[in-house]
Every structure is written in structure tokens, then in C-alpha cells.
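For reference, query17.cif (mmCIF, C-alpha atoms):
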data_target
loop_
_atom_site.group_PDB
_atom_site.id
_atom_site.type_symbol
_atom_site.label_atom_id
_atom_site.label_comp_id
_atom_site.auth_asym_id
_atom_site.auth_seq_id
_atom_site.Cartn_x
_atom_site.Cartn_y
_atom_site.Cartn_z
ATOM 1 C CA MET A 984 0.000 0.000 0.000
ATOM 2 C CA THR A 985 2.880 2.367 -0.642
ATOM 3 C CA GLY A 986 3.566 4.647 -3.546
ATOM 4 C CA GLY A 987 0.970 6.377 -5.605
ATOM 5 C CA VAL A 988 -0.265 9.922 -5.370
ATOM 6 C CA TRP A 989 -3.388 9.034 -3.405
ATOM 7 C CA TYR A 990 -1.386 7.326 -0.676
ATOM 8 C CA TRP A 991 0.614 10.478 -0.039
ATOM 9 C CA ILE A 992 -2.468 12.713 -0.248
ATOM 10 C CA LEU A 993 -4.071 10.534 2.431
ATOM 11 C CA PHE A 994 -0.878 10.630 4.469
ATOM 12 C CA GLY A 995 -0.764 14.431 4.231
ATOM 13 C CA MET A 996 -4.349 14.722 5.436
ATOM 14 C CA CYS A 997 -3.711 12.379 8.377
ATOM 15 C CA ALA A 998 -0.459 14.150 9.264
ATOM 16 C CA ALA A 999 -2.118 17.572 9.179
ATOM 17 C CA TRP A 1000 -4.939 16.226 11.343
ATOM 18 C CA VAL A 1001 -2.517 14.759 13.911
ATOM 19 C CA ILE A 1002 -0.353 17.897 14.060
ATOM 20 C CA VAL A 1003 -3.263 20.358 14.302
ATOM 21 C CA THR A 1004 -5.068 18.416 17.032
ATOM 22 C CA GLY A 1005 -1.743 17.846 18.826
ATOM 23 C CA ILE A 1006 -1.111 21.588 18.904
ATOM 24 C CA GLY A 1007 -4.674 21.960 20.148
ATOM 25 C CA VAL A 1008 -3.887 19.740 23.153
ATOM 26 C CA VAL A 1009 -1.034 21.915 24.376
ATOM 27 C CA ALA A 1010 -2.408 25.308 23.276
ATOM 28 C CA LEU A 1011 -6.096 25.329 24.239
ATOM 29 C CA ARG A 1012 -6.952 26.949 27.555
ATOM 30 C CA ASN A 1013 -10.035 24.966 28.516
ATOM 31 C CA ILE A 1014 -8.801 21.548 29.611
ATOM 32 C CA VAL A 1015 -11.958 19.801 28.384
ATOM 33 C CA HIS A 1016 -11.264 21.225 24.912
ATOM 34 C CA SER A 1017 -7.719 19.894 25.232
ATOM 35 C CA ALA A 1018 -9.050 16.447 26.104
ATOM 36 C CA VAL A 1019 -11.389 16.407 23.084
ATOM 37 C CA SER A 1020 -8.489 17.504 20.902
ATOM 38 C CA MET A 1021 -6.413 14.662 22.371
ATOM 39 C CA VAL A 1022 -9.102 12.122 21.450
ATOM 40 C CA LEU A 1023 -9.147 13.455 17.859
ATOM 41 C CA CYS A 1024 -5.349 13.259 17.761
ATOM 42 C CA PHE A 1025 -5.410 9.600 18.859
ATOM 43 C CA LEU A 1026 -8.001 8.905 16.152
ATOM 44 C CA GLY A 1027 -5.642 10.459 13.582
ATOM 45 C CA VAL A 1028 -2.820 8.249 14.832
ATOM 46 C CA ALA A 1029 -5.103 5.244 14.300
ATOM 47 C CA PHE A 1030 -5.523 6.341 10.661
ATOM 48 C CA VAL A 1031 -1.746 6.593 10.352
ATOM 49 C CA PHE A 1032 -1.506 2.995 11.596
ATOM 50 C CA VAL A 1033 -3.960 1.936 8.874
ATOM 51 C CA LEU A 1034 -1.732 3.640 6.289
ATOM 52 C CA LEU A 1035 1.198 1.677 7.731
ATOM 53 C CA ASN A 1036 -0.537 -1.715 7.135
ATOM 54 C CA ALA A 1037 -1.026 -2.202 10.881
ATOM 55 C CA GLU A 1038 -4.775 -2.744 11.096
ATOM 56 C CA LEU A 1039 -4.509 -4.582 14.425
ATOM 57 C CA LEU A 1040 -2.670 -1.623 15.935
ATOM 58 C CA ALA A 1041 -5.320 0.761 14.600
ATOM 59 C CA VAL A 1042 -8.113 -1.236 16.240
ATOM 60 C CA ILE A 1043 -6.198 -1.455 19.524
ATOM 61 C CA GLN A 1044 -5.424 2.272 19.342
ATOM 62 C CA ILE A 1045 -9.123 3.094 19.009
ATOM 63 C CA LEU A 1046 -10.142 0.657 21.761
ATOM 64 C CA LEU A 1047 -7.492 1.694 24.271
ATOM 65 C CA TYR A 1048 -6.678 5.328 23.577
ATOM 66 C CA VAL A 1049 -9.886 6.688 22.053
ATOM 67 C CA GLY A 1050 -12.056 4.520 24.288
ATOM 68 C CA ALA A 1051 -10.389 3.848 27.614
ATOM 69 C CA ILE A 1052 -7.621 6.357 28.260
ATOM 70 C CA SER A 1053 -9.728 9.340 27.216
ATOM 71 C CA VAL A 1054 -12.458 8.260 29.646
ATOM 72 C CA VAL A 1055 -9.875 8.039 32.451
ATOM 73 C CA VAL A 1056 -8.574 11.517 31.574
ATOM 74 C CA LEU A 1057 -12.092 12.958 31.464
ATOM 75 C CA PHE A 1058 -12.853 11.428 34.865
ATOM 76 C CA ALA A 1059 -9.719 13.007 36.304
ATOM 77 C CA ILE A 1060 -10.748 16.380 34.853
ATOM 78 C CA MET A 1061 -14.198 15.925 36.344
ATOM 79 C CA LEU A 1062 -12.817 15.118 39.814
ATOM 80 C CA THR A 1063 -10.507 18.135 39.895
ATOM 81 C CA GLU A 1064 -11.117 21.833 39.632
ATOM 82 C CA PRO A 1065 -11.020 23.630 36.272
ATOM 83 C CA GLN A 1066 -8.894 26.733 35.923
ATOM 84 C CA HIS A 1067 -10.223 30.063 34.737
ATOM 85 C CA GLY A 1068 -8.511 33.382 34.235
ATOM 86 C CA ARG A 1069 -5.633 34.975 32.448
ATOM 87 C CA LEU A 1070 -3.042 33.242 30.273
ATOM 88 C CA GLY A 1071 -0.333 33.191 32.947
ATOM 89 C CA LEU A 1072 -2.372 30.666 34.903
ATOM 90 C CA PHE A 1073 -2.037 28.109 32.125
ATOM 91 C CA PHE A 1074 1.578 28.442 30.994
ATOM 92 C CA ASN A 1075 4.378 28.516 33.549
ATOM 93 C CA SER A 1076 7.353 30.881 33.601
ATOM 94 C CA GLN A 1077 9.655 28.604 31.590
ATOM 95 C CA SER A 1078 7.260 28.373 28.624
ATOM 96 C CA VAL A 1079 9.117 31.265 26.919
ATOM 97 C CA PHE A 1080 12.320 29.208 26.877
ATOM 98 C CA ALA A 1081 10.555 25.926 26.177
ATOM 99 C CA LEU A 1082 9.341 27.000 22.724
ATOM 100 C CA PRO A 1083 12.765 27.698 21.105
ATOM 101 C CA LEU A 1084 14.176 24.646 22.890
ATOM 102 C CA VAL A 1085 11.500 22.403 21.412
ATOM 103 C CA VAL A 1086 11.900 23.898 17.929
ATOM 104 C CA ALA A 1087 15.665 23.361 18.105
ATOM 105 C CA ALA A 1088 15.102 19.776 19.227
ATOM 106 C CA ALA A 1089 12.759 19.195 16.291
ATOM 107 C CA VAL A 1090 15.350 20.540 13.825
ATOM 108 C CA VAL A 1091 18.141 18.400 15.305
ATOM 109 C CA PHE A 1092 15.982 15.267 15.343
ATOM 110 C CA THR A 1093 14.952 15.860 11.718
ATOM 111 C CA LEU A 1094 18.554 16.308 10.581
ATOM 112 C CA VAL A 1095 19.591 13.133 12.386
ATOM 113 C CA ALA A 1096 16.661 11.156 10.957
ATOM 114 C CA LEU A 1097 17.298 12.330 7.398
ATOM 115 C CA SER A 1098 21.028 11.605 7.545
ATOM 116 C CA ALA A 1099 20.685 8.209 9.221
ATOM 117 C CA LYS A 1100 21.948 5.170 7.349
ATOM 118 C CA LEU A 1101 18.799 3.071 7.471
ATOM 119 C CA PRO A 1102 18.745 -0.485 6.178
ATOM 120 C CA PRO A 1103 17.310 -0.772 2.673
ATOM 121 C CA THR A 1104 13.575 -0.854 2.222
ATOM 122 C CA GLY A 1105 12.039 -4.205 1.393
ATOM 123 C CA SER A 1106 10.718 -4.682 -2.115
ATOM 124 C CA GLU A 1107 7.182 -5.484 -0.985
ATOM 125 C CA SER A 1108 5.521 -4.323 2.181
ATOM 126 C CA PHE A 1109 5.539 -6.808 5.049
ATOM 127 C CA SER A 1110 2.058 -6.981 6.511
ATOM 128 C CA PRO A 1111 1.398 -10.055 8.662
ATOM 129 C CA SER A 1112 -2.211 -11.044 9.284
ATOM 130 C CA VAL A 1113 -3.742 -11.020 12.753
ATOM 131 C CA ALA A 1114 -3.503 -14.820 12.833
ATOM 132 C CA ASP A 1115 0.247 -14.703 12.092
ATOM 133 C CA LEU A 1116 0.726 -12.014 14.723
ATOM 134 C CA SER A 1117 -1.080 -13.994 17.415
ATOM 135 C CA GLN A 1118 0.880 -17.155 16.515
ATOM 136 C CA THR A 1119 4.156 -15.374 17.170
ATOM 137 C CA LEU A 1120 2.850 -13.427 20.154
ATOM 138 C CA PHE A 1121 1.828 -16.536 22.082
ATOM 139 C CA ASN A 1122 4.928 -18.533 21.151
ATOM 140 C CA GLU A 1123 8.077 -16.448 20.899
ATOM 141 C CA TYR A 1124 6.871 -13.396 22.754
ATOM 142 C CA VAL A 1125 4.852 -15.106 25.479
ATOM 143 C CA PHE A 1126 7.214 -14.075 28.294
ATOM 144 C CA PRO A 1127 6.980 -10.291 27.668
ATOM 145 C CA PHE A 1128 3.244 -10.765 27.182
ATOM 146 C CA GLU A 1129 2.880 -12.315 30.640
ATOM 147 C CA LEU A 1130 5.219 -9.715 32.137
ATOM 148 C CA VAL A 1131 3.059 -6.925 30.764
ATOM 149 C CA SER A 1132 -0.046 -8.490 32.288
ATOM 150 C CA LEU A 1133 1.761 -8.456 35.643
ATOM 151 C CA VAL A 1134 2.560 -4.760 35.159
ATOM 152 C CA LEU A 1135 -1.121 -4.070 34.414
ATOM 153 C CA LEU A 1136 -2.143 -5.900 37.603
ATOM 154 C CA ALA A 1137 0.333 -3.841 39.633
ATOM 155 C CA ALA A 1138 -0.939 -0.631 38.025
ATOM 156 C CA MET A 1139 -4.542 -1.559 38.855
ATOM 157 C CA VAL A 1140 -3.704 -2.272 42.500
ATOM 158 C CA GLY A 1141 -1.632 0.903 42.717
ATOM 159 C CA ALA A 1142 -4.345 3.074 41.191
ATOM 160 C CA ILE A 1143 -6.977 1.751 43.601
ATOM 161 C CA LEU A 1144 -4.601 2.240 46.551
ATOM 162 C CA MET A 1145 -3.782 5.802 45.485
ATOM 163 C CA ALA A 1146 -7.242 7.029 44.615
ATOM 164 C CA ARG A 1147 -9.385 5.576 47.391
ATOM 165 C CA LYS A 1148 -10.318 7.625 50.439
ATOM 166 C CA GLU A 1149 -8.226 6.951 53.521
ATOM 167 C CA ASP A 1150 -10.458 5.911 56.383
ATOM 168 C CA ASP A 1151 -9.731 7.572 59.691
ATOM 169 C CA ASP A 1152 -10.319 4.631 61.992
ATOM 170 C CA ARG A 1153 -7.074 2.883 61.098
ATOM 171 C CA MET B 647 13.732 11.350 0.717
ATOM 172 C CA LYS B 648 12.616 7.826 1.482
ATOM 173 C CA PRO B 649 8.986 6.992 2.364
ATOM 174 C CA VAL B 650 9.910 6.228 5.966
ATOM 175 C CA ASP B 651 11.280 9.748 6.412
ATOM 176 C CA ALA B 652 7.832 11.325 6.048
ATOM 177 C CA TYR B 653 6.538 9.232 8.946
ATOM 178 C CA LEU B 654 9.654 9.972 10.995
ATOM 179 C CA ILE B 655 9.159 13.726 10.547
ATOM 180 C CA LEU B 656 5.503 13.379 11.579
ATOM 181 C CA ALA B 657 6.622 11.460 14.687
ATOM 182 C CA ILE B 658 9.281 14.082 15.489
ATOM 183 C CA LEU B 659 6.781 16.941 15.212
ATOM 184 C CA LEU B 660 4.225 15.195 17.422
ATOM 185 C CA PHE B 661 6.942 14.307 19.954
ATOM 186 C CA CYS B 662 8.122 17.914 20.162
ATOM 187 C CA ILE B 663 4.562 19.226 20.546
ATOM 188 C CA GLY B 664 4.122 16.823 23.454
ATOM 189 C CA ALA B 665 7.461 17.873 24.948
ATOM 190 C CA TYR B 666 6.380 21.503 24.817
ATOM 191 C CA GLY B 667 3.186 20.614 26.664
ATOM 192 C CA VAL B 668 5.173 18.806 29.368
ATOM 193 C CA LEU B 669 7.578 21.728 29.768
ATOM 194 C CA ALA B 670 5.214 24.678 29.540
ATOM 195 C CA ARG B 671 1.812 23.805 30.981
ATOM 196 C CA ARG B 672 0.859 24.210 34.634
ATOM 197 C CA ASN B 673 -1.973 21.699 34.909
ATOM 198 C CA VAL B 674 -0.746 18.227 35.894
ATOM 199 C CA ILE B 675 -3.520 16.481 33.947
ATOM 200 C CA LEU B 676 -2.410 18.327 30.826
ATOM 201 C CA VAL B 677 1.175 17.240 31.455
ATOM 202 C CA VAL B 678 -0.023 13.612 31.540
ATOM 203 C CA MET B 679 -1.958 14.164 28.292
ATOM 204 C CA SER B 680 1.151 15.624 26.636
ATOM 205 C CA LEU B 681 3.124 12.561 27.769
ATOM 206 C CA GLU B 682 0.547 10.445 25.952
ATOM 207 C CA LEU B 683 1.157 12.494 22.802
ATOM 208 C CA MET B 684 4.889 11.773 23.079
ATOM 209 C CA LEU B 685 4.253 8.038 23.483
ATOM 210 C CA ASN B 686 1.971 8.112 20.426
ATOM 211 C CA ALA B 687 4.725 9.781 18.417
ATOM 212 C CA VAL B 688 7.109 6.971 19.340
ATOM 213 C CA ASN B 689 4.443 4.449 18.323
ATOM 214 C CA ILE B 690 4.179 6.070 14.883
ATOM 215 C CA ALA B 691 7.947 5.803 14.431
ATOM 216 C CA LEU B 692 7.995 2.147 15.521
ATOM 217 C CA ALA B 693 5.101 1.217 13.223
ATOM 218 C CA ALA B 694 6.795 3.018 10.318
ATOM 219 C CA PHE B 695 10.024 1.091 10.893
ATOM 220 C CA ALA B 696 8.068 -2.152 11.135
ATOM 221 C CA ASP B 697 6.321 -1.472 7.834
ATOM 222 C CA PHE B 698 9.116 -0.012 5.714
ATOM 223 C CA LEU B 699 12.270 -1.632 7.075
ATOM 224 C CA ALA B 700 10.861 -4.975 8.138
ATOM 225 C CA VAL B 701 13.010 -8.028 7.634
ATOM 226 C CA GLY B 702 10.170 -10.512 7.893
ATOM 227 C CA SER B 703 9.633 -10.106 11.607
ATOM 228 C CA PRO B 704 6.553 -8.595 13.301
ATOM 229 C CA ALA B 705 8.623 -7.362 16.270
ATOM 230 C CA GLY B 706 7.769 -3.712 15.583
ATOM 231 C CA THR B 707 4.067 -4.426 16.031
ATOM 232 C CA TYR B 708 4.761 -6.047 19.395
ATOM 233 C CA PHE B 709 6.836 -3.068 20.498
ATOM 234 C CA VAL B 710 3.866 -0.801 19.794
ATOM 235 C CA LEU B 711 1.512 -3.189 21.598
ATOM 236 C CA PHE B 712 3.666 -3.185 24.720
ATOM 237 C CA VAL B 713 4.123 0.595 24.612
ATOM 238 C CA ILE B 714 0.338 1.058 24.402
ATOM 239 C CA THR B 715 -0.193 -1.298 27.349
ATOM 240 C CA LEU B 716 2.430 0.415 29.500
ATOM 241 C CA ALA B 717 0.997 3.822 28.556
ATOM 242 C CA ALA B 718 -2.378 2.663 29.825
ATOM 243 C CA ALA B 719 -0.782 1.568 33.101
ATOM 244 C CA GLU B 720 1.118 4.859 33.341
ATOM 245 C CA VAL B 721 -1.917 7.060 32.776
ATOM 246 C CA THR B 722 -3.966 5.082 35.319
ATOM 247 C CA VAL B 723 -1.401 5.386 38.107
ATOM 248 C CA GLY B 724 -0.493 8.973 37.170
ATOM 249 C CA LEU B 725 -4.059 10.244 37.245
ATOM 250 C CA ALA B 726 -4.731 8.353 40.501
ATOM 251 C CA ILE B 727 -1.769 10.229 42.009
ATOM 252 C CA VAL B 728 -3.166 13.509 40.622
ATOM 253 C CA VAL B 729 -6.579 12.869 42.173
ATOM 254 C CA ALA B 730 -5.043 11.870 45.524
ATOM 255 C CA ASN B 731 -2.867 14.999 45.487
ATOM 256 C CA TYR B 732 -5.877 17.142 44.624
ATOM 257 C CA ARG B 733 -7.733 15.732 47.615
ATOM 258 C CA ASN B 734 -4.897 16.756 49.925
ATOM 259 C CA ARG B 735 -4.143 20.265 48.697
ATOM 260 C CA ARG B 736 -7.061 21.293 46.451
ATOM 261 C CA SER B 737 -4.840 22.034 43.462
ATOM 262 C CA VAL B 738 -3.690 20.453 40.208
ATOM 263 C CA GLN B 739 -1.104 23.154 39.448
ATOM 264 C CA THR B 740 2.517 22.016 39.232
ATOM 265 C CA ASP B 741 3.709 25.119 41.127
ATOM 266 C CA ASP B 742 1.820 24.036 44.221
ATOM 267 C CA TYR B 743 3.700 20.733 44.420
ATOM 268 C CA SER B 744 6.946 22.167 45.779
ATOM 269 C CA ASP B 745 7.394 20.343 49.076
ATOM 270 C CA LEU B 746 10.707 18.799 48.049
ATOM 271 C CA LYS B 747 12.144 22.141 46.968
ATOM 272 C CA GLY B 748 13.642 22.776 50.411
#
Can you turn what I pasted into C-alpha cells?
Amino acid sequence: MTGGVWYWILFGMCAAWVIVTGIGVVALRNIVHSAVSMVLCFLGVAFVFVLLNAELLAVIQILLYVGAISVVVLFAIMLTEPQHGRLGLFFNSQSVFALPLVVAAAVVFTLVALSAKLPPTGSESFSPSVADLSQTLFNEYVFPFELVSLVLLAAMVGAILMARKEDDDR
Amino acid sequence: MKPVDAYLILAILLFCIGAYGVLARRNVILVVMSLELMLNAVNIALAAFADFLAVGSPAGTYFVLFVITLAAAEVTVGLAIVVANYRNRRSVQTDDYSDLKG
């Protein structure tokens, strides 16, 4: 699914979508607007995954990021207090220096990426099916898979421990 | 310019936008959201490498899967800490969390 004018037109639309909504996350003042912009950005990343022949990743991206993580973020916004007022309340004092620093970092990263000696591109695109992926995941990669499930369990226990109310009678 | 470079530049731009959010915003929830943007940028780069430079191995897909899972764990614990902190000091502003400053 590479090459062709339409592929790159689609890529340009997805890239513009991701960049614009990403800027919206860090630039909008109302945090609920930022969260909505974040959800749209994750949706754009899912489209980028589709362009990269990773349909499984696109589905997981929509399920986990667009579905689950955004709900968690919105709950956290709901449980805390929104900010109102002038611009200085939203950006801290080092934001003036952060902007040129970030732009410089982007330029350096781009130069490094463009000058890197990457291995040659394969002749045809390698796109394994979901069945192939699951075969390898539960054979070769079963140990990291189980390890990650342990990490998720620890995160669940930790989140409950952190967020629950402390009772006074203990 | 190779096809993979376009995706790398997209990933770099998204990563730097997220880094600016982490550096410049005051709200802790927004800092966590910007971290998610940075992780998504890395995912784009990994998926691009897996598609364009693959040598017959789906390892890039698994990297993205594990990054997504760990990001979910990170955002859960991070926002639980934010909510617990908010309960103690009625604030989600980074400037109010300065107890270790001395």
C-alpha cells in the first residue's frame, strides 16, 4: 500500500490532522477542549496505523486510547477543579524558553533522521495477518506478554490504593 | 527522501509538541496528556520502521503493543496520584507541588 499519489495525499491529510489536534492539546486553555483535541489526535494516529498496514494496531489504538484512556482523563478532569482566568495561569514561567528549545530539538531530530543510514527498504511491504501475529505473540513473545499483564495488575492495585479515600479509623 | 522519512518527521513533530506541553503547561492532567502524545509519536515511528524496514519479523508491532499497554498503566497510576494529590491540597497546578524544593 505504498507509492501512488493518493497514498501520499491521504498521508498528508492524516499528518495535518494529527499535528493540528496535537497543537490543540497543548495550546487550548479549557482543559476539556484539550481532552477532546487529544481524542481526535489519537483517532488520527489510528488512521496513520492503517496507512502503515497495521490494522490490528489501529483497532487497539481506538479501543485503548480513544475509548479507555480518554475516559480516564475525562474522569480526572471531572474530579478536579477547572482553571479560569488569564493566560499566565495556564503556561508557567519557563514556557518562553521551552518553545525555542522544542523547535531546536525538532530541527536536530529531523537532521539526524534524514542523515541516518537506514537499512534498505524491502521490495514489498511486510504486513502479517492477525492470525500470524497472534501465533508469534503466544509462542516467541509469550514471556513479555505475561510480564506486561503483571505490570497491568500492579498498576490496577496501585491506582486503587492511590485514589481511594483513607479511612480515619485505622 | 525515502517513504519512511515522512513518517519519521511526523513522529518528530508530534513528539516535540508533546514535549512543549510537558515543559510549559501548569496543569498536571495536561502534562499527563502531553506525555501520551509523546508516546503516540514513538508508536508512529515504531510502526513506520516495522512497515518499511521490516526483515520478515513482526517485532515492531509487538513493540507498539507493549508501549500502548504500558501507557495505559502509566496514565492510570499517574491520574490516581493527581486525584489523591488534589484531595490533599485542592490544586492540580505544578507550582503548588513544591514540598521537596527545600
Kindly extract all protein, DNA and RNA residues lying within 8 Å of the coordinates (-5.4, 27.4, 28.0) given in the file, considering all atoms listed in the file, and supply them as an mmCIF file with C-alpha atoms, in the coordinates of the input.
data_model
loop_
_atom_site.group_PDB
_atom_site.id
_atom_site.type_symbol
_atom_site.label_atom_id
_atom_site.label_comp_id
_atom_site.auth_asym_id
_atom_site.auth_seq_id
_atom_site.Cartn_x
_atom_site.Cartn_y
_atom_site.Cartn_z
ATOM 1 C CA VAL A 1009 -1.034 21.915 24.376
ATOM 2 C CA ALA A 1010 -2.408 25.308 23.276
ATOM 3 C CA LEU A 1011 -6.096 25.329 24.239
ATOM 4 C CA ARG A 1012 -6.952 26.949 27.555
ATOM 5 C CA ASN A 1013 -10.035 24.966 28.516
ATOM 6 C CA ILE A 1014 -8.801 21.548 29.611
ATOM 7 C CA LEU A 1070 -3.042 33.242 30.273
ATOM 8 C CA PHE A 1073 -2.037 28.109 32.125
ATOM 9 C CA PHE A 1074 1.578 28.442 30.994
#
Name all residues at most 10 Å from B:Val721 (count all atoms listed in the file; drop same-chain ones fewer than 3 positions away) and give them as a short mmCIF file (atom, residue, chain, number, x, y, z; two decimals) with C-alpha atoms, in the coordinates of the input.
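Contents of out-v4.cif, as written:
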data_model
loop_
_atom_site.label_atom_id
_atom_site.label_comp_id
_atom_site.auth_asym_id
_atom_site.auth_seq_id
_atom_site.Cartn_x
_atom_site.Cartn_y
_atom_site.Cartn_z
CA ILE A 1052 -7.62 6.36 28.26
CA SER A 1053 -9.73 9.34 27.22
CA VAL A 1055 -9.88 8.04 32.45
CA VAL A 1056 -8.57 11.52 31.57
CA ALA A 1138 -0.94 -0.63 38.02
CA ALA A 1142 -4.34 3.07 41.19
CA ILE B 675 -3.52 16.48 33.95
CA VAL B 678 -0.02 13.61 31.54
CA MET B 679 -1.96 14.16 28.29
CA LEU B 681 3.12 12.56 27.77
CA GLU B 682 0.55 10.44 25.95
CA LEU B 716 2.43 0.42 29.50
CA ALA B 717 1.00 3.82 28.56
CA ALA B 718 -2.38 2.66 29.82
CA GLY B 724 -0.49 8.97 37.17
CA LEU B 725 -4.06 10.24 37.24
CA ALA B 726 -4.73 8.35 40.50
CA ILE B 727 -1.77 10.23 42.01
#
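Distance check against B:Ala696 using all atoms listed in the file: of A:Val1042, A:Ile1143, A:Ala1037, A:Ala1059, the minimum falls on A:Ala1037.
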Practice problem: Run the PyMOL selection byres ((chain A and resi 1032) around 10) against the file shown and list the residues it catches, as a ChimeraX atom specification. | Solution: /A:1026-1031,1033-1042,1044 /B:689-690,693-694,697
Quiz item: Which residues, protein or nucleic acid, reach to within 10 Å of (6.4, -5.2, 12.3) in the file's coordinates when using all atoms listed in the file, and can you give that as a PyMOL selection string?
Solution: (chain A and resi 1035-1037+1109-1111+1116) or (chain B and resi 692-710)
Quiz prompt | Best match for closeness to A:Val1003 among B:Val650, B:Leu659, B:Ala665, B:Leu746, counting all atoms listed in the file | solution = B:Leu659
Practice problem: Find the residues near B:Lys648: any atom within 12 Å, counting all atoms listed in the file, skip ones fewer than 3 places away on the same chain, and give them as a count of residues only. | Solution: 20
Exercise. Quick one: pull the distance between atom CA of A:Ala1137 and atom CA of A:Val1125, Å, one decimal.
Key: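 Calculated distance between atom CA of A:Ala1137 and atom CA of A:Val1125 is 18.6 Å.
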Residues at most 9 Å from A:Ile1006, counting only C-alpha atoms, excluding those fewer than 5 positions away in the same chain, as a PDB file with C-alpha atoms, keeping the file's coordinate frame?
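Listed below is the output, selection.pdb:
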ATOM      1  CA  VAL A1001      -2.517  14.759  13.911  1.00  0.00           C
ATOM      2  CA  LEU A1011      -6.096  25.329  24.239  1.00  0.00           C
ATOM      3  CA  SER A1020      -8.489  17.504  20.902  1.00  0.00           C
TER       4      SER A1020
ATOM      5  CA  LEU B 660       4.225  15.195  17.422  1.00  0.00           C
ATOM      6  CA  ILE B 663       4.562  19.226  20.546  1.00  0.00           C
ATOM      7  CA  GLY B 664       4.122  16.823  23.454  1.00  0.00           C
ATOM      8  CA  GLY B 667       3.186  20.614  26.664  1.00  0.00           C
TER       9      GLY B 667
END
Stretch 722-743 of chain B from the block above, N, CA and C atoms, as an mmCIF file, in the first residue's frame, please?
data_model
loop_
_atom_site.group_PDB
_atom_site.id
_atom_site.type_symbol
_atom_site.label_atom_id
_atom_site.label_comp_id
_atom_site.auth_asym_id
_atom_site.auth_seq_id
_atom_site.Cartn_x
_atom_site.Cartn_y
_atom_site.Cartn_z
ATOM 1 N N THR B 722 -3.103 5.437 34.195
ATOM 2 C CA THR B 722 -3.966 5.082 35.319
ATOM 3 C C THR B 722 -3.338 5.496 36.638
ATOM 4 N N VAL B 723 -2.067 5.068 36.848
ATOM 5 C CA VAL B 723 -1.401 5.386 38.107
ATOM 6 C C VAL B 723 -1.178 6.899 38.227
ATOM 7 N N GLY B 724 -0.777 7.536 37.125
ATOM 8 C CA GLY B 724 -0.493 8.973 37.170
ATOM 9 C C GLY B 724 -1.721 9.777 37.545
ATOM 10 N N LEU B 725 -2.865 9.465 36.930
ATOM 11 C CA LEU B 725 -4.059 10.244 37.245
ATOM 12 C C LEU B 725 -4.588 9.909 38.629
ATOM 13 N N ALA B 726 -4.361 8.665 39.115
ATOM 14 C CA ALA B 726 -4.731 8.353 40.501
ATOM 15 C C ALA B 726 -3.911 9.201 41.463
ATOM 16 N N ILE B 727 -2.608 9.381 41.159
ATOM 17 C CA ILE B 727 -1.769 10.229 42.009
ATOM 18 C C ILE B 727 -2.265 11.669 41.953
ATOM 19 N N VAL B 728 -2.662 12.136 40.753
ATOM 20 C CA VAL B 728 -3.166 13.509 40.622
ATOM 21 C C VAL B 728 -4.411 13.704 41.471
ATOM 22 N N VAL B 729 -5.336 12.734 41.417
ATOM 23 C CA VAL B 729 -6.579 12.869 42.173
ATOM 24 C C VAL B 729 -6.295 12.824 43.673
ATOM 25 N N ALA B 730 -5.381 11.933 44.098
ATOM 26 C CA ALA B 730 -5.043 11.870 45.524
ATOM 27 C C ALA B 730 -4.388 13.165 45.983
ATOM 28 N N ASN B 731 -3.509 13.734 45.160
ATOM 29 C CA ASN B 731 -2.867 14.999 45.487
ATOM 30 C C ASN B 731 -3.891 16.117 45.572
ATOM 31 N N TYR B 732 -4.856 16.101 44.627
ATOM 32 C CA TYR B 732 -5.877 17.142 44.624
ATOM 33 C C TYR B 732 -6.704 17.083 45.900
ATOM 34 N N ARG B 733 -6.945 15.866 46.401
ATOM 35 C CA ARG B 733 -7.733 15.732 47.615
ATOM 36 C C ARG B 733 -6.996 16.331 48.801
ATOM 37 N N ASN B 734 -5.661 16.247 48.788
ATOM 38 C CA ASN B 734 -4.897 16.756 49.925
ATOM 39 C C ASN B 734 -4.722 18.261 49.878
ATOM 40 N N ARG B 735 -4.456 18.826 48.702
ATOM 41 C CA ARG B 735 -4.143 20.265 48.697
ATOM 42 C C ARG B 735 -4.979 21.087 47.743
ATOM 43 N N ARG B 736 -6.079 20.559 47.261
ATOM 44 C CA ARG B 736 -7.061 21.293 46.451
ATOM 45 C C ARG B 736 -6.413 22.013 45.280
ATOM 46 N N SER B 737 -5.472 21.376 44.595
ATOM 47 C CA SER B 737 -4.840 22.034 43.462
ATOM 48 C C SER B 737 -4.288 20.993 42.505
ATOM 49 N N VAL B 738 -4.341 21.304 41.202
ATOM 50 C CA VAL B 738 -3.690 20.453 40.208
ATOM 51 C C VAL B 738 -2.591 21.231 39.492
ATOM 52 N N GLN B 739 -2.140 22.339 40.079
ATOM 53 C CA GLN B 739 -1.104 23.154 39.448
ATOM 54 C C GLN B 739 0.272 22.661 39.876
ATOM 55 N N THR B 740 1.193 22.548 38.909
ATOM 56 C CA THR B 740 2.517 22.016 39.232
ATOM 57 C C THR B 740 3.249 22.895 40.227
ATOM 58 N N ASP B 741 2.970 24.217 40.221
ATOM 59 C CA ASP B 741 3.709 25.119 41.127
ATOM 60 C C ASP B 741 3.359 24.880 42.584
ATOM 61 N N ASP B 742 2.208 24.264 42.851
ATOM 62 C CA ASP B 742 1.820 24.036 44.221
ATOM 63 C C ASP B 742 2.428 22.760 44.798
ATOM 64 N N TYR B 743 3.063 21.969 43.938
ATOM 65 C CA TYR B 743 3.700 20.733 44.420
ATOM 66 C C TYR B 743 5.188 21.003 44.617
#
